[in-house]
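Data file: work-v3.cif. Format and content: mmCIF, C-alpha atoms.
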```cif
data_structure
loop_
_atom_site.group_PDB
_atom_site.id
_atom_site.type_symbol
_atom_site.label_atom_id
_atom_site.label_comp_id
_atom_site.auth_asym_id
_atom_site.auth_seq_id
_atom_site.Cartn_x
_atom_site.Cartn_y
_atom_site.Cartn_z
ATOM 1 C CA MET J 1 126.602 122.026 197.234
ATOM 2 C CA GLU J 2 124.755 120.427 194.340
ATOM 3 C CA ASN J 3 124.811 121.999 190.924
ATOM 4 C CA LYS J 4 121.662 123.003 189.169
ATOM 5 C CA VAL J 5 120.521 121.190 186.067
ATOM 6 C CA HIS J 6 118.586 123.582 183.853
ATOM 7 C CA ILE J 7 116.367 121.620 181.463
ATOM 8 C CA MET J 8 115.100 123.970 178.781
ATOM 9 C CA ASP J 9 111.683 122.861 177.658
ATOM 10 C CA HIS J 10 110.917 125.827 175.401
ATOM 11 C CA PRO J 11 108.667 124.743 172.491
ATOM 12 C CA LEU J 12 111.131 126.008 169.856
ATOM 13 C CA LEU J 13 113.939 124.002 171.433
ATOM 14 C CA GLN J 14 111.869 120.849 171.667
ATOM 15 C CA HIS J 15 110.774 121.191 168.041
ATOM 16 C CA LYS J 16 114.352 121.652 166.809
ATOM 17 C CA LEU J 17 115.577 118.787 168.973
ATOM 18 C CA THR J 18 113.058 116.460 167.304
ATOM 19 C CA ILE J 19 114.561 117.427 163.928
ATOM 20 C CA LEU J 20 118.016 116.463 165.236
ATOM 21 C CA ARG J 21 116.771 113.117 166.496
ATOM 22 C CA ASP J 22 115.261 112.133 163.129
ATOM 23 C CA GLU J 23 117.634 109.820 161.255
ATOM 24 C CA ARG J 24 116.384 111.287 157.967
ATOM 25 C CA THR J 25 117.785 114.751 158.806
ATOM 26 C CA GLY J 26 120.767 115.426 156.520
ATOM 27 C CA VAL J 27 124.137 116.959 157.377
ATOM 28 C CA LYS J 28 123.316 120.507 156.247
ATOM 29 C CA GLU J 29 120.079 120.746 158.193
ATOM 30 C CA PHE J 30 121.552 118.957 161.219
ATOM 31 C CA ARG J 31 124.437 121.425 161.385
ATOM 32 C CA GLU J 32 122.124 124.422 161.039
ATOM 33 C CA VAL J 33 119.736 123.196 163.728
ATOM 34 C CA VAL J 34 122.567 122.457 166.191
ATOM 35 C CA SER J 35 123.678 126.058 165.757
ATOM 36 C CA GLU J 36 120.121 127.373 166.219
ATOM 37 C CA ILE J 37 119.679 125.313 169.387
ATOM 38 C CA ALA J 38 122.960 126.674 170.763
ATOM 39 C CA THR J 39 121.710 130.229 170.179
ATOM 40 C CA LEU J 40 118.464 129.543 172.023
ATOM 41 C CA MET J 41 120.270 127.811 174.889
ATOM 42 C CA CYS J 42 122.796 130.629 175.173
ATOM 43 C CA TYR J 43 119.950 133.073 175.737
ATOM 44 C CA GLU J 44 118.966 131.155 178.871
ATOM 45 C CA ALA J 45 122.469 130.233 180.060
ATOM 46 C CA THR J 46 123.489 133.913 180.127
ATOM 47 C CA ARG J 47 120.412 135.071 182.068
ATOM 48 C CA ASP J 48 122.542 135.832 185.147
ATOM 49 C CA LEU J 49 125.133 138.028 183.401
ATOM 50 C CA PRO J 50 125.730 141.134 185.559
ATOM 51 C CA LEU J 51 124.539 144.540 184.389
ATOM 52 C CA SER J 52 125.700 148.064 185.185
ATOM 53 C CA ASP J 53 124.152 151.478 184.642
ATOM 54 C CA VAL J 54 125.237 153.713 181.800
ATOM 55 C CA GLU J 55 123.981 157.172 180.932
ATOM 56 C CA ILE J 56 123.301 157.786 177.252
ATOM 57 C CA LYS J 57 121.519 160.359 175.174
ATOM 58 C CA THR J 58 118.700 159.114 172.980
ATOM 59 C CA PRO J 59 117.306 161.310 170.189
ATOM 60 C CA VAL J 60 114.713 162.402 172.748
ATOM 61 C CA ALA J 61 116.389 162.646 176.166
ATOM 62 C CA THR J 62 119.324 161.665 178.358
ATOM 63 C CA ALA J 63 118.662 158.736 180.667
ATOM 64 C CA THR J 64 120.283 155.807 182.482
ATOM 65 C CA PHE J 65 120.097 152.326 181.006
ATOM 66 C CA LYS J 66 121.631 148.877 181.469
ATOM 67 C CA LYS J 67 124.622 147.311 179.757
ATOM 68 C CA LEU J 68 126.660 144.190 180.372
ATOM 69 C CA SER J 69 129.379 144.564 182.969
ATOM 70 C CA GLY J 70 131.844 142.502 184.901
ATOM 71 C CA LYS J 71 133.717 139.510 183.577
ATOM 72 C CA LYS J 72 133.901 138.728 179.905
ATOM 73 C CA LEU J 73 132.886 135.406 178.426
ATOM 74 C CA ALA J 74 134.783 132.602 176.771
ATOM 75 C CA ILE J 75 133.236 129.564 175.132
ATOM 76 C CA VAL J 76 135.183 126.320 175.033
ATOM 77 C CA PRO J 77 133.948 123.578 172.687
ATOM 78 C CA ILE J 78 135.084 120.020 173.297
ATOM 79 C CA LEU J 79 136.430 118.819 169.938
ATOM 80 C CA ARG J 80 135.057 117.958 167.653
ATOM 81 C CA ALA J 81 131.278 117.936 168.085
ATOM 82 C CA GLY J 82 131.339 121.004 170.332
ATOM 83 C CA LEU J 83 132.462 123.066 167.327
ATOM 84 C CA GLY J 84 128.926 122.762 165.950
ATOM 85 C CA MET J 85 127.621 124.944 168.796
ATOM 86 C CA VAL J 86 130.163 127.768 168.549
ATOM 87 C CA ASP J 87 128.693 129.939 165.778
ATOM 88 C CA GLY J 88 125.241 129.833 167.337
ATOM 89 C CA ILE J 89 126.603 131.404 170.511
ATOM 90 C CA LEU J 90 128.817 133.932 168.720
ATOM 91 C CA THR J 91 125.644 135.145 166.974
ATOM 92 C CA LEU J 92 124.496 136.485 170.346
ATOM 93 C CA ILE J 93 127.881 137.274 171.905
ATOM 94 C CA PRO J 94 130.270 138.114 169.061
ATOM 95 C CA SER J 95 132.913 139.436 171.472
ATOM 96 C CA ALA J 96 133.277 136.104 173.303
ATOM 97 C CA LYS J 97 136.676 134.452 172.947
ATOM 98 C CA VAL J 98 136.909 130.807 171.952
ATOM 99 C CA GLY J 99 139.172 128.171 173.486
ATOM 100 C CA HIS J 100 139.420 124.564 172.314
ATOM 101 C CA ILE J 101 139.855 121.261 174.121
ATOM 102 C CA GLY J 102 140.548 118.006 172.301
ATOM 103 C CA LEU J 103 140.012 114.749 174.184
ATOM 104 C CA TYR J 104 140.190 111.079 173.296
ATOM 105 C CA ARG J 105 139.299 108.067 175.402
ATOM 106 C CA ASP J 106 142.178 105.813 176.464
ATOM 107 C CA PRO J 107 141.177 102.323 175.225
ATOM 108 C CA ASN J 108 142.613 100.668 178.355
ATOM 109 C CA THR J 109 141.456 102.954 181.162
ATOM 110 C CA LEU J 110 138.445 104.412 179.231
ATOM 111 C CA GLU J 111 139.373 107.760 180.781
ATOM 112 C CA PRO J 112 139.645 110.927 178.650
ATOM 113 C CA VAL J 113 143.126 112.096 177.669
ATOM 114 C CA GLU J 114 143.859 115.622 176.450
ATOM 115 C CA TYR J 115 145.457 115.809 173.009
ATOM 116 C CA TYR J 116 144.856 119.496 172.256
ATOM 117 C CA CYS J 117 144.245 122.544 174.392
ATOM 118 C CA LYS J 118 144.446 126.166 173.284
ATOM 119 C CA MET J 119 142.981 128.937 175.433
ATOM 120 C CA PRO J 120 142.789 132.733 175.314
ATOM 121 C CA ASN J 121 145.615 134.296 177.355
ATOM 122 C CA ASP J 122 143.170 135.866 179.813
ATOM 123 C CA ILE J 123 141.013 132.744 180.274
ATOM 124 C CA ALA J 124 141.354 132.867 184.086
ATOM 125 C CA GLU J 125 139.610 136.253 184.116
ATOM 126 C CA ARG J 126 136.672 135.046 182.019
ATOM 127 C CA ASP J 127 133.446 133.214 182.718
ATOM 128 C CA VAL J 128 133.526 130.003 180.684
ATOM 129 C CA ILE J 129 130.778 127.996 178.989
ATOM 130 C CA ILE J 130 131.945 124.516 177.935
ATOM 131 C CA LEU J 131 130.134 123.172 174.863
ATOM 132 C CA ASP J 132 129.437 119.579 173.860
ATOM 133 C CA PRO J 133 126.208 118.411 172.198
ATOM 134 C CA MET J 134 126.135 115.152 174.180
ATOM 135 C CA LEU J 135 126.652 114.501 177.894
ATOM 136 C CA ALA J 136 126.864 110.692 177.921
ATOM 137 C CA THR J 137 129.145 109.116 180.555
ATOM 138 C CA GLY J 138 130.289 112.540 181.765
ATOM 139 C CA GLY J 139 133.960 111.615 181.438
ATOM 140 C CA SER J 140 134.879 114.216 178.822
ATOM 141 C CA ALA J 141 132.839 116.958 180.491
ATOM 142 C CA THR J 142 134.396 116.279 183.895
ATOM 143 C CA ALA J 143 137.895 116.327 182.398
ATOM 144 C CA ALA J 144 137.232 119.541 180.451
ATOM 145 C CA ILE J 145 135.893 121.267 183.569
ATOM 146 C CA GLN J 146 138.984 120.201 185.506
ATOM 147 C CA PHE J 147 141.255 121.598 182.769
ATOM 148 C CA MET J 148 139.445 124.931 183.065
ATOM 149 C CA LYS J 149 139.862 124.945 186.834
ATOM 150 C CA ASN J 150 143.567 124.185 186.359
ATOM 151 C CA TYR J 151 143.752 127.374 184.274
ATOM 152 C CA GLY J 152 142.306 129.286 187.221
ATOM 153 C CA VAL J 153 138.775 129.740 185.856
ATOM 154 C CA LYS J 154 136.314 130.341 188.705
ATOM 155 C CA ASN J 155 132.932 130.460 186.986
ATOM 156 C CA ILE J 156 132.143 127.544 184.652
ATOM 157 C CA LYS J 157 128.927 126.387 183.012
ATOM 158 C CA LEU J 158 128.361 123.268 180.933
ATOM 159 C CA MET J 159 126.023 123.391 177.933
ATOM 160 C CA ASN J 160 124.792 120.180 176.298
ATOM 161 C CA ILE J 161 121.939 119.559 173.890
ATOM 162 C CA LEU J 162 121.251 116.030 175.195
ATOM 163 C CA ALA J 163 122.239 114.347 178.450
ATOM 164 C CA ALA J 164 121.965 110.921 180.040
ATOM 165 C CA PRO J 165 121.260 110.685 183.794
ATOM 166 C CA VAL J 166 124.606 108.975 184.454
ATOM 167 C CA GLY J 167 126.500 111.868 182.842
ATOM 168 C CA ILE J 168 124.668 114.434 184.943
ATOM 169 C CA GLU J 169 125.407 112.407 188.074
ATOM 170 C CA ARG J 170 129.113 112.196 187.196
ATOM 171 C CA VAL J 171 129.485 115.945 186.639
ATOM 172 C CA ASN J 172 127.447 116.671 189.751
ATOM 173 C CA LYS J 173 129.683 114.380 191.833
ATOM 174 C CA ASP J 174 133.014 115.643 190.454
ATOM 175 C CA HIS J 175 132.112 119.323 190.016
ATOM 176 C CA PRO J 176 129.129 120.302 192.190
ATOM 177 C CA ASP J 177 129.859 124.002 191.552
ATOM 178 C CA VAL J 178 129.152 123.762 187.792
ATOM 179 C CA ASP J 179 125.630 124.351 186.475
ATOM 180 C CA ILE J 180 124.465 122.207 183.554
ATOM 181 C CA TYR J 181 122.219 123.513 180.759
ATOM 182 C CA VAL J 182 120.496 120.889 178.603
ATOM 183 C CA ALA J 183 117.606 120.775 176.135
ATOM 184 C CA ALA J 184 116.578 117.256 177.241
ATOM 185 C CA VAL J 185 117.568 114.420 179.564
ATOM 186 C CA ASP J 186 117.132 111.054 177.859
ATOM 187 C CA GLU J 187 116.510 107.637 179.310
ATOM 188 C CA LYS J 188 119.904 105.909 179.508
ATOM 189 C CA LEU J 189 123.112 104.858 177.758
ATOM 190 C CA ASN J 190 123.307 101.683 175.693
ATOM 191 C CA ASP J 191 126.170 99.176 175.803
ATOM 192 C CA HIS J 192 128.173 101.272 173.333
ATOM 193 C CA GLY J 193 127.875 104.455 175.410
ATOM 194 C CA TYR J 194 125.291 106.075 173.120
ATOM 195 C CA ILE J 195 122.435 108.069 174.613
ATOM 196 C CA VAL J 196 119.044 106.320 174.160
ATOM 197 C CA PRO J 197 116.878 107.306 172.329
ATOM 198 C CA GLY J 198 119.379 110.094 171.588
ATOM 199 C CA LEU J 199 120.326 111.259 168.101
ATOM 200 C CA GLY J 200 123.283 109.064 167.184
ATOM 201 C CA ASP J 201 126.860 110.363 167.005
ATOM 202 C CA ALA J 202 126.641 114.162 167.036
ATOM 203 C CA GLY J 203 130.120 114.644 165.549
ATOM 204 C CA ASP J 204 129.458 112.303 162.639
ATOM 205 C CA ARG J 205 126.122 113.962 161.907
ATOM 206 C CA ILE J 206 127.546 117.513 162.091
ATOM 207 C CA PHE J 207 130.551 116.789 159.869
ATOM 208 C CA GLY J 208 129.122 114.064 157.637
ATOM 209 C CA THR J 209 131.620 111.393 158.718
ATOM 210 C CA LYS J 210 131.046 107.810 159.738
#
```
Final structure tokens representation of the file:
Amino acid sequence: MENKVHIMDHPLLQHKLTILRDERTGVKEFREVVSEIATLMCYEATRDLPLSDVEIKTPVATATFKKLSGKKLAIVPILRAGLGMVDGILTLIPSAKVGHIGLYRDPNTLEPVEYYCKMPNDIAERDVIILDPMLATGGSATAAIQFMKNYGVKNIKLMNILAAPVGIERVNKDHPDVDIYVAAVDEKLNDHGYIVPGLGDAGDRIFGTK
């Protein structure tokens, strides 16, 4: 079973992504546009949410309409850059709960190590969208997905603004049941693990650090 990679080529997304890529874009605008992109991506990533019928009375008549049903959502940003996508999603789904995963890369093994993890108590009963602006090597994403599975989560999606082919391949190999939502797939990674042409370090540009 191979996961689906949903590349969102909507004109608004592509326009906003170009703003993010521009090295002249300042912290305030970068942060705002990351949030706007997350909102637009959330609209597509939640297309398959289940609906149920509900009868209500309008000012004119009583009739049956649709409302969201089934499992509730949780969004889980990978610290710290993933935090930049949270508010954009809560704009659309204010009732979603938010978990957090902090990872760092072990300098010897280069594998991600968890340093912080805090989840809603009912996380196993929720559908989860993991957030990280960049899917580079795929190491952090793969680890975060595994943490969610260890909590008993059954339905997981991964949302990234930019991805490199190697990162998609890694997630696909390790977690073929997880769909990936991205605004663009770039060419490659450079020797420092940055996506090329990319947009630089998303965390530094969101928080104004170097």
For atom CA of J:Leu20 and atom CA of J:Val34, the interatomic separation in Å (one decimal): 7.6 Å
Target residues per the PyMOL selection byres ((chain J and resi 48) around 12), formatted as a PyMOL selection string: chain J and resi 42-47+49-51+68-71+127+155+157+179
Within 12 Å of stretch 95-104 of chain J, which residues of stretch 125-173 of chain J come that close, and what is the closest atom pair and distance in Å for each? Count only C-alpha atoms and give it as CSV.
```
residue,atom,partner,partner_atom,distance
J:Glu125,CA,J:Lys97,CA,11.7
J:Arg126,CA,J:Lys97,CA,9.1
J:Asp127,CA,J:Ala96,CA,9.9
J:Val128,CA,J:Gly99,CA,9.3
J:Ile129,CA,J:Val98,CA,9.7
J:Ile130,CA,J:Gly99,CA,9.2
J:Leu131,CA,J:His100,CA,9.7
J:Asp132,CA,J:Ile101,CA,10.6
J:Gly139,CA,J:Leu103,CA,10.0
J:Ser140,CA,J:Leu103,CA,6.9
J:Ala141,CA,J:Leu103,CA,9.8
J:Thr142,CA,J:Leu103,CA,11.3
J:Ala143,CA,J:Leu103,CA,8.6
J:Ala144,CA,J:Ile101,CA,7.1
J:Ile145,CA,J:Ile101,CA,10.2
J:Gln146,CA,J:Ile101,CA,11.5
J:Phe147,CA,J:Ile101,CA,8.8
J:Met148,CA,J:Ile101,CA,9.7
J:Tyr151,CA,J:Gly99,CA,11.7
```
Test item: residues at most 8 Å from J:Ile180, only C-alpha atoms, excluding those fewer than 3 positions along its chain, as a PyMOL selection string: chain J and resi 3-6+157-160+168
Target residues per the PyMOL selection byres ((chain J and resi 36) around 9), formatted as a list in words: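 Against this file, the PyMOL selection byres ((chain J and resi 36) around 9) returns the residues Leu13, Lys16, Arg31, Glu32, Val33, Val34, Ser35, Ile37, Ala38, Thr39, Leu40, Met41, Met85, Asp87, Gly88 and Ile89 of chain J.
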Explicit residues for the PyMOL selection byres ((chain J and resi 137) around 7) (as a PyMOL selection string): chain J and resi 135-136+138-139+166-167
Separation of atom CA of J:Arg205 from atom CA of J:Val113 in Å: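 Calculated distance between atom CA of J:Val113 and atom CA of J:Arg205 is 23.3 Å.
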Exercise: J:Phe65 partners within 7 Å, only C-alpha atoms, chain neighbours under 5 positions left out, as a list of chain:residue names: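 In the requested format, the answer is J:Asp53, J:Val54, J:Glu55.
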Selected residue, from J:Pro133, J:Gly203, J:Pro94, J:Pro77, that lies nearest to J:Met119 when counting only C-alpha atoms: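 Answer, going by the shortest atom-to-atom distance: J:Pro77.
Atom CA of J:Asp177 to atom CA of J:Lys154 spans 9.5 Å [interatomic distance, one decimal].
The environment of J:Lys210 within 12 Å, counting all atoms listed in the file and disregarding residues fewer than 3 places along the same chain, consists of Val27, Gly200, Asp201, Ala202, Gly203, Asp204, Arg205, Ile206 and Phe207 of chain J.
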Please complete stretch 44-55 of chain J so it has all heavy atoms, and hand it over as a JSON list (two decimals), in the coordinates of the input.
```json
[["chain", "number", "residue", "atom", "x", "y", "z"],
["J", 44, "GLU", "N", 119.33, 131.53, 177.51],
["J", 44, "GLU", "CA", 118.97, 131.16, 178.87],
["J", 44, "GLU", "C", 120.19, 131.03, 179.78],
["J", 44, "GLU", "O", 120.16, 131.44, 180.94],
["J", 44, "GLU", "CB", 118.20, 129.83, 178.84],
["J", 44, "GLU", "CG", 117.56, 129.45, 180.15],
["J", 44, "GLU", "CD", 116.53, 130.46, 180.64],
["J", 44, "GLU", "OE1", 115.83, 131.06, 179.79],
["J", 44, "GLU", "OE2", 116.43, 130.65, 181.86],
["J", 45, "ALA", "N", 121.28, 130.48, 179.25],
["J", 45, "ALA", "CA", 122.47, 130.23, 180.06],
["J", 45, "ALA", "C", 123.15, 131.53, 180.49],
["J", 45, "ALA", "O", 123.93, 131.53, 181.44],
["J", 45, "ALA", "CB", 123.45, 129.35, 179.30],
["J", 46, "THR", "N", 122.87, 132.63, 179.79],
["J", 46, "THR", "CA", 123.49, 133.91, 180.13],
["J", 46, "THR", "C", 122.52, 134.83, 180.88],
["J", 46, "THR", "O", 122.78, 136.02, 181.03],
["J", 46, "THR", "CB", 123.98, 134.64, 178.86],
["J", 46, "THR", "OG1", 122.88, 134.75, 177.93],
["J", 46, "THR", "CG2", 125.11, 133.87, 178.19],
["J", 47, "ARG", "N", 121.43, 134.27, 181.37],
["J", 47, "ARG", "CA", 120.41, 135.07, 182.07],
["J", 47, "ARG", "C", 120.98, 135.80, 183.29],
["J", 47, "ARG", "O", 120.50, 136.85, 183.68],
["J", 47, "ARG", "CB", 119.26, 134.16, 182.48],
["J", 47, "ARG", "CG", 118.12, 134.87, 183.19],
["J", 47, "ARG", "CD", 117.00, 133.91, 183.52],
["J", 47, "ARG", "NE", 116.26, 133.51, 182.34],
["J", 47, "ARG", "CZ", 115.29, 134.24, 181.78],
["J", 47, "ARG", "NH1", 114.97, 135.41, 182.30],
["J", 47, "ARG", "NH2", 114.65, 133.81, 180.72],
["J", 48, "ASP", "N", 122.01, 135.24, 183.91],
["J", 48, "ASP", "CA", 122.54, 135.83, 185.15],
["J", 48, "ASP", "C", 123.76, 136.73, 184.90],
["J", 48, "ASP", "O", 124.47, 137.08, 185.85],
["J", 48, "ASP", "CB", 122.90, 134.73, 186.15],
["J", 48, "ASP", "CG", 123.96, 133.78, 185.61],
["J", 48, "ASP", "OD1", 124.31, 133.88, 184.41],
["J", 48, "ASP", "OD2", 124.44, 132.93, 186.39],
["J", 49, "LEU", "N", 124.01, 137.11, 183.66],
["J", 49, "LEU", "CA", 125.13, 138.03, 183.40],
["J", 49, "LEU", "C", 124.89, 139.35, 184.13],
["J", 49, "LEU", "O", 123.78, 139.89, 184.11],
["J", 49, "LEU", "CB", 125.29, 138.30, 181.90],
["J", 49, "LEU", "CG", 125.84, 137.17, 181.04],
["J", 49, "LEU", "CD1", 125.87, 137.60, 179.58],
["J", 49, "LEU", "CD2", 127.22, 136.74, 181.50],
["J", 50, "PRO", "N", 125.92, 139.89, 184.80],
["J", 50, "PRO", "CA", 125.73, 141.13, 185.56],
["J", 50, "PRO", "C", 125.58, 142.35, 184.65],
["J", 50, "PRO", "O", 126.15, 142.41, 183.57],
["J", 50, "PRO", "CB", 127.00, 141.24, 186.39],
["J", 50, "PRO", "CG", 128.03, 140.47, 185.62],
["J", 50, "PRO", "CD", 127.29, 139.37, 184.93],
["J", 51, "LEU", "N", 124.78, 143.29, 185.11],
["J", 51, "LEU", "CA", 124.54, 144.54, 184.39],
["J", 51, "LEU", "C", 125.03, 145.73, 185.21],
["J", 51, "LEU", "O", 125.09, 145.68, 186.43],
["J", 51, "LEU", "CB", 123.04, 144.71, 184.11],
["J", 51, "LEU", "CG", 122.39, 143.69, 183.18],
["J", 51, "LEU", "CD1", 120.87, 143.82, 183.22],
["J", 51, "LEU", "CD2", 122.89, 143.87, 181.76],
["J", 52, "SER", "N", 125.37, 146.80, 184.51],
["J", 52, "SER", "CA", 125.70, 148.06, 185.18],
["J", 52, "SER", "C", 124.95, 149.19, 184.49],
["J", 52, "SER", "O", 124.46, 149.04, 183.37],
["J", 52, "SER", "CB", 127.21, 148.32, 185.14],
["J", 52, "SER", "OG", 127.65, 148.44, 183.80],
["J", 53, "ASP", "N", 124.87, 150.32, 185.18],
["J", 53, "ASP", "CA", 124.15, 151.48, 184.64],
["J", 53, "ASP", "C", 125.07, 152.31, 183.75],
["J", 53, "ASP", "O", 126.25, 152.48, 184.04],
["J", 53, "ASP", "CB", 123.63, 152.36, 185.78],
["J", 53, "ASP", "CG", 122.51, 151.68, 186.55],
["J", 53, "ASP", "OD1", 121.79, 150.87, 185.94],
["J", 53, "ASP", "OD2", 122.38, 151.93, 187.76],
["J", 54, "VAL", "N", 124.50, 152.81, 182.67],
["J", 54, "VAL", "CA", 125.24, 153.71, 181.80],
["J", 54, "VAL", "C", 124.29, 154.83, 181.35],
["J", 54, "VAL", "O", 123.11, 154.58, 181.08],
["J", 54, "VAL", "CB", 125.82, 152.96, 180.58],
["J", 54, "VAL", "CG1", 124.72, 152.29, 179.76],
["J", 54, "VAL", "CG2", 126.63, 153.89, 179.69],
["J", 55, "GLU", "N", 124.81, 156.04, 181.36],
["J", 55, "GLU", "CA", 123.98, 157.17, 180.93],
["J", 55, "GLU", "C", 124.24, 157.44, 179.46],
["J", 55, "GLU", "O", 125.38, 157.60, 179.03],
["J", 55, "GLU", "CB", 124.30, 158.42, 181.76],
["J", 55, "GLU", "CG", 123.37, 159.58, 181.48],
["J", 55, "GLU", "CD", 123.67, 160.80, 182.34],
["J", 55, "GLU", "OE1", 123.23, 160.84, 183.50],
["J", 55, "GLU", "OE2", 124.38, 161.70, 181.84]]
```
